[in-house]
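Asks: This is query_0.txt (compact mmCIF, C-alpha atoms and all ligand atoms).
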```
# COMPACT_ATOMS: atom_id res chain seq x y z
CA MET A 1 -13.04 -20.22 -19.72
CA GLY A 2 -12.65 -23.95 -20.43
CA GLU A 3 -12.21 -24.60 -24.15
CA GLN A 4 -11.81 -20.89 -24.95
CA GLY A 5 -8.28 -21.70 -23.75
CA VAL A 6 -5.44 -19.29 -23.71
CA GLY A 7 -2.57 -19.40 -26.17
CA GLY A 8 0.09 -16.71 -26.41
CA GLY A 9 -1.00 -14.44 -23.60
CA GLU A 10 -4.39 -13.67 -25.13
CA GLU A 11 -7.29 -13.83 -22.76
CA TYR A 12 -9.88 -15.18 -25.17
CA LEU A 13 -9.91 -17.50 -28.16
CA PHE A 14 -12.95 -17.44 -30.42
CA LYS A 15 -13.57 -19.80 -33.31
CA ILE A 16 -15.31 -18.10 -36.21
CA VAL A 17 -16.39 -19.85 -39.39
CA VAL A 18 -16.75 -18.28 -42.81
CA ILE A 19 -19.38 -19.92 -44.99
CA GLY A 20 -21.16 -19.25 -48.27
CA ASP A 21 -21.11 -20.43 -51.88
CA SER A 22 -17.95 -21.00 -53.83
CA ALA A 23 -16.14 -17.90 -55.15
CA VAL A 24 -18.03 -15.32 -53.10
CA GLY A 25 -14.70 -14.21 -51.62
CA LYS A 26 -14.49 -16.09 -48.32
CA SER A 27 -10.78 -16.88 -48.57
CA ASN A 28 -9.94 -13.35 -49.60
CA LEU A 29 -11.94 -11.84 -46.73
CA LEU A 30 -9.95 -14.05 -44.43
CA SER A 31 -6.55 -13.22 -45.84
CA ARG A 32 -7.45 -9.53 -45.90
CA PHE A 33 -8.40 -9.69 -42.24
CA ALA A 34 -5.56 -11.90 -41.04
CA ARG A 35 -2.71 -10.76 -43.28
CA ASP A 36 -4.00 -7.73 -45.20
CA GLU A 37 -3.51 -9.58 -48.47
CA PHE A 38 -5.64 -10.11 -51.54
CA ASP A 39 -5.20 -13.04 -53.92
CA HIS A 40 -6.04 -12.20 -57.50
CA ASN A 41 -5.44 -15.70 -58.75
CA SER A 42 -8.44 -17.26 -57.09
CA LYS A 43 -6.74 -20.58 -56.72
CA ALA A 44 -9.05 -22.59 -54.53
CA THR A 45 -7.20 -22.69 -51.26
CA ILE A 46 -7.14 -26.33 -50.39
CA GLY A 47 -5.74 -27.31 -47.04
CA VAL A 48 -5.62 -24.03 -45.16
CA GLU A 49 -7.80 -24.66 -42.16
CA PHE A 50 -7.77 -21.42 -40.26
CA GLN A 51 -5.93 -18.19 -39.71
CA THR A 52 -5.66 -16.23 -36.52
CA GLN A 53 -5.70 -12.58 -35.75
CA VAL A 54 -5.51 -10.86 -32.40
CA VAL A 55 -7.77 -7.90 -31.79
CA GLU A 56 -8.17 -5.76 -28.73
CA ILE A 57 -11.62 -5.42 -27.18
CA ASP A 58 -12.10 -3.35 -24.04
CA GLY A 59 -8.38 -3.52 -23.41
CA LYS A 60 -8.43 -7.34 -23.63
CA GLU A 61 -6.51 -9.39 -26.16
CA VAL A 62 -8.91 -11.52 -28.13
CA LYS A 63 -7.62 -14.11 -30.56
CA ALA A 64 -9.94 -14.79 -33.46
CA GLN A 65 -9.37 -18.18 -35.03
CA VAL A 66 -11.11 -17.84 -38.37
CA TRP A 67 -11.84 -21.01 -40.31
CA ASP A 68 -11.96 -21.30 -44.08
CA THR A 69 -14.00 -23.99 -45.84
CA ALA A 70 -11.00 -24.35 -48.17
CA GLY A 71 -13.05 -25.54 -51.12
CA GLN A 72 -15.20 -28.09 -49.28
CA GLU A 73 -18.25 -25.97 -50.07
CA ARG A 74 -17.97 -26.74 -53.78
CA PHE A 75 -19.00 -30.30 -53.04
CA ARG A 76 -21.53 -29.31 -50.40
CA ALA A 77 -19.32 -31.24 -48.05
CA VAL A 78 -18.60 -28.85 -45.22
CA THR A 79 -18.14 -31.24 -42.34
CA SER A 80 -19.52 -31.00 -38.83
CA ALA A 81 -15.91 -30.78 -37.60
CA TYR A 82 -15.68 -27.49 -39.44
CA TYR A 83 -18.52 -26.03 -37.39
CA ARG A 84 -17.62 -27.64 -34.08
CA GLY A 85 -17.05 -25.11 -31.32
CA ALA A 86 -17.76 -22.09 -33.50
CA VAL A 87 -19.07 -19.08 -31.62
CA GLY A 88 -19.29 -16.74 -34.61
CA ALA A 89 -20.06 -16.98 -38.31
CA LEU A 90 -19.70 -14.81 -41.37
CA VAL A 91 -22.27 -15.90 -43.92
CA VAL A 92 -21.09 -14.52 -47.23
CA TYR A 93 -22.66 -13.87 -50.63
CA ASP A 94 -21.44 -12.02 -53.70
CA ILE A 95 -23.49 -8.88 -54.46
CA THR A 96 -22.91 -9.49 -58.19
CA ARG A 97 -24.42 -13.00 -58.15
CA LYS A 98 -28.02 -13.30 -57.00
CA SER A 99 -27.77 -17.10 -56.80
CA THR A 100 -25.23 -16.77 -53.97
CA PHE A 101 -27.69 -14.57 -52.07
CA ASP A 102 -30.47 -17.11 -52.60
CA SER A 103 -28.19 -19.76 -51.05
CA ILE A 104 -27.87 -17.86 -47.77
CA VAL A 105 -30.96 -19.52 -46.32
CA LYS A 106 -29.38 -22.91 -46.95
CA TRP A 107 -26.17 -21.85 -45.20
CA LEU A 108 -28.15 -20.52 -42.24
CA ASP A 109 -29.97 -23.84 -41.98
CA GLU A 110 -26.68 -25.67 -41.96
CA LEU A 111 -25.41 -23.37 -39.23
CA LYS A 112 -28.52 -24.07 -37.17
CA ILE A 113 -27.93 -27.81 -37.46
CA HIS A 114 -24.30 -27.66 -36.35
CA CYS A 115 -24.02 -24.72 -33.96
CA ASP A 116 -25.93 -23.57 -30.96
CA THR A 117 -28.35 -20.71 -31.30
CA THR A 118 -26.11 -18.17 -29.59
CA VAL A 119 -23.56 -18.18 -32.42
CA ALA A 120 -23.00 -14.55 -33.49
CA ARG A 121 -23.93 -14.26 -37.15
CA MET A 122 -23.02 -11.62 -39.70
CA LEU A 123 -24.52 -11.53 -43.18
CA VAL A 124 -21.81 -10.27 -45.53
CA GLY A 125 -22.44 -8.96 -49.04
CA ASN A 126 -18.96 -9.06 -50.55
CA LYS A 127 -17.50 -7.41 -53.70
CA SER A 128 -19.03 -4.00 -53.00
CA ASP A 129 -16.38 -2.56 -55.34
CA LEU A 130 -18.33 -4.04 -58.26
CA GLU A 131 -21.26 -1.65 -57.97
CA ASN A 132 -21.74 -1.52 -61.75
CA ILE A 133 -22.63 -5.21 -62.00
CA ARG A 134 -24.54 -5.48 -58.72
CA GLU A 135 -27.44 -8.00 -58.69
CA VAL A 136 -28.38 -7.78 -55.01
CA THR A 137 -29.42 -4.42 -53.54
CA VAL A 138 -28.35 -3.18 -50.14
CA GLU A 139 -32.04 -3.29 -49.17
CA ASP A 140 -32.26 -6.99 -50.06
CA GLY A 141 -29.36 -7.68 -47.74
CA LYS A 142 -30.74 -5.54 -44.93
CA ASN A 143 -34.17 -7.11 -45.16
CA LEU A 144 -32.88 -10.66 -45.04
CA ALA A 145 -30.62 -9.81 -42.10
CA GLU A 146 -33.50 -8.24 -40.21
CA GLN A 147 -35.76 -11.19 -40.93
CA GLU A 148 -33.17 -13.71 -39.72
CA GLY A 149 -31.78 -11.66 -36.85
CA LEU A 150 -28.31 -11.22 -38.30
CA PHE A 151 -25.88 -8.35 -38.40
CA PHE A 152 -25.38 -7.05 -41.92
CA ILE A 153 -22.52 -5.41 -43.77
CA GLU A 154 -21.25 -5.02 -47.32
CA THR A 155 -17.52 -5.51 -47.83
CA SER A 156 -14.83 -5.52 -50.43
CA ALA A 157 -11.92 -7.86 -49.85
CA LEU A 158 -10.37 -6.23 -52.91
CA ASN A 159 -10.23 -2.68 -51.58
CA SER A 160 -10.48 -3.58 -47.87
CA SER A 161 -13.76 -1.78 -47.35
CA ASN A 162 -15.45 -2.89 -44.10
CA VAL A 163 -13.51 -6.14 -43.86
CA ASN A 164 -12.09 -5.48 -40.41
CA SER A 165 -15.45 -4.12 -39.25
CA ALA A 166 -17.22 -7.29 -40.38
CA PHE A 167 -14.97 -9.43 -38.20
CA GLU A 168 -14.76 -6.99 -35.32
CA ILE A 169 -18.51 -6.58 -34.95
CA VAL A 170 -18.83 -10.36 -34.71
CA ILE A 171 -15.95 -10.60 -32.24
CA ARG A 172 -17.47 -7.88 -30.06
CA GLU A 173 -20.80 -9.67 -30.04
CA ILE A 174 -19.16 -12.95 -29.04
CA TYR A 175 -17.27 -11.13 -26.33
CA LYS A 176 -20.53 -9.68 -25.05
CA ASN A 177 -22.13 -13.14 -25.02
CA VAL A 178 -19.20 -14.62 -23.13
CA SER A 179 -19.14 -11.82 -20.57
CA ARG A 180 -22.83 -12.33 -20.01
CA LYS A 181 -22.23 -16.02 -19.37
CA ILE A 182 -19.57 -15.25 -16.78
CA LEU A 183 -21.70 -12.73 -14.88
P1 LIG A 201 -14.12 -18.30 -52.01
O1 LIG A 201 -14.30 -19.43 -52.96
O2 LIG A 201 -15.43 -17.90 -51.42
O3 LIG A 201 -13.07 -18.54 -51.00
O4 LIG A 201 -13.68 -17.03 -52.88
P2 LIG A 201 -12.22 -16.44 -53.15
O5 LIG A 201 -11.75 -15.67 -51.98
O6 LIG A 201 -11.34 -17.52 -53.66
O7 LIG A 201 -12.54 -15.40 -54.31
C1 LIG A 201 -13.21 -15.81 -55.51
C2 LIG A 201 -12.92 -14.81 -56.61
O8 LIG A 201 -13.50 -13.54 -56.31
C3 LIG A 201 -11.43 -14.52 -56.83
O9 LIG A 201 -11.23 -14.34 -58.22
C4 LIG A 201 -11.19 -13.25 -56.08
O10 LIG A 201 -10.11 -12.54 -56.63
C5 LIG A 201 -12.51 -12.53 -56.28
N1 LIG A 201 -12.85 -11.63 -55.15
C6 LIG A 201 -12.90 -11.94 -53.83
N2 LIG A 201 -13.27 -10.88 -53.11
C7 LIG A 201 -13.48 -9.87 -53.97
C8 LIG A 201 -13.89 -8.50 -53.84
O11 LIG A 201 -14.16 -7.98 -52.74
N3 LIG A 201 -14.01 -7.77 -54.99
C9 LIG A 201 -13.72 -8.29 -56.21
N4 LIG A 201 -13.87 -7.48 -57.27
N5 LIG A 201 -13.34 -9.57 -56.38
C10 LIG A 201 -13.21 -10.35 -55.28
MG MG A 202 -11.95 -20.29 -50.66
```
Could you render the structure as structure tokens?

Replies:
Amino acid sequence: MGEQGVGGGEEYLFKIVVIGDSAVGKSNLLSRFARDEFDHNSKATIGVEFQTQVVEIDGKEVKAQVWDTAGQERFRAVTSAYYRGAVGALVVYDITRKSTFDSIVKWLDELKIHCDTTVARMLVGNKSDLENIREVTVEDGKNLAEQEGLFFIETSALNSSNVNSAFEIVIREIYKNVSRKIL
């Protein structure tokens, strides 16, 4: 397994990055997944590098190490160190802000520069609880995902909808890729 090294008895360690424009809900998706918490105060989380969560796939303990841009994205200064070694990515927009959806292509380009092509990618339309002020349709999301070969899901970090699924689908895909490599 080499660098997918083992920590506390888990058999796999996967680095997953969460990217997307500022304020789309990246940090809250992460804290919902890792700690089942939501932060209403939106203080830009500076300094927190990653959080980990163990999930079970096919009876195996898989540790997801999920990285947060921690505000770097506001200055378009997400470093190559952030991406290094990532095997999965959640590329997030806010369904109530079309501009964040239009930025997805830019984030995908950045991912292509820094990560190898096998990185498992999930397009995430967050804030699905705000249906009444939606600016991006489900169809828009689906179409882009299909075009770019991404998984697609809409989530709400606020009410927990689909958050675990978003991460788990990516983790399963990574697991599949790794198993294939071993065989
Ligand atoms: P980041 O900059 O992408 O890390 O975004 P944050 O996680 O800091 O969230 C930005 C703002 O959106 C905060 O005010 C959050 O409370 C809010 N937010 C995040 N996720 C959701 C969600 O699913 N629904 C709603 N209604 N608000 C959210
Ligand atoms: Mg953040």

Asks: List all protein, DNA and RNA residues that have at least one atom no more than 7 Å from any atom of ligand MG 202 (chain A), counting all atoms listed in the file, and write them as a list in words.

Replies: Ser22, Ala23, Gly25, Lys26, Ser27, Ala44, Thr45, Asp68, Thr69, Ala70 and Gly71 of chain A

Asks: Set the distance at 12 Å and use all atoms listed in the file: which residues neighbour Val178 of chain A once local chain neighbours fewer than 6 positions away are removed? I'd like the list as JSON, numbers by chain.

Replies: {"A": [1, 2, 4, 11, 12, 13, 14, 62, 87, 88, 118, 119, 120, 171, 172]}

Asks: How would you report the residues lying within 10 Å of ligand LIG 201 (chain A), as a PyMOL selection string, if you count all atoms listed in the file?

Replies: chain A and resi 18-32+38-46+68-74+92-96+125-131+154-161+163

Asks: I need every residue sitting at most 8 Å from the point (-29.8, -7.9, -44.4) (coordinates as in the file, only C-alpha atoms considered), written as a CSV table (one decimal) with C-alpha atoms, in the coordinates of the input.

Replies:
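The resulting part06.csv:
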```
chain,number,residue,atom,x,y,z
A,123,LEU,CA,-24.5,-11.5,-43.2
A,138,VAL,CA,-28.4,-3.2,-50.1
A,139,GLU,CA,-32.0,-3.3,-49.2
A,140,ASP,CA,-32.3,-7.0,-50.1
A,141,GLY,CA,-29.4,-7.7,-47.7
A,142,LYS,CA,-30.7,-5.5,-44.9
A,143,ASN,CA,-34.2,-7.1,-45.2
A,144,LEU,CA,-32.9,-10.7,-45.0
A,145,ALA,CA,-30.6,-9.8,-42.1
A,146,GLU,CA,-33.5,-8.2,-40.2
A,147,GLN,CA,-35.8,-11.2,-40.9
A,150,LEU,CA,-28.3,-11.2,-38.3
A,151,PHE,CA,-25.9,-8.4,-38.4
A,152,PHE,CA,-25.4,-7.0,-41.9
A,153,ILE,CA,-22.5,-5.4,-43.8
```

Asks: Quick one: pull the distance between atom CA of Lys15 of chain A and atom CA of Gly85 of chain A, Å, one decimal.

Replies: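 Distance between the two atoms: 6.7 Å.
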
Asks: To one decimal place in Å, what is the distance between atom CA of Ile16 of chain A and atom CA of Glu49 of chain A?

Replies: 11.6 Å

Asks: Between atom CA of Ile104 of chain A and atom CA of Val136 of chain A, measure the distance and give it in Å to one decimal.

Replies: 12.4 Å

Asks: So that I can check the surroundings of segment 110-112 of chain A, please list as a ChimeraX atom specification every protein, DNA and RNA residue that reaches within 10 Å of it, counting only C-alpha atoms and ignoring chain neighbours fewer than 3 positions away.

Replies: /A:17,19,78,80,83,86,89,91,104-107,115-119,121

Asks: Quick one: everything within 8 Å of Ala34 of chain A, counting all atoms listed in the file, minus sequence neighbours fewer than 5 positions away in the same chain. Send it as an NGL selection string.

Replies: :A and (51-53)
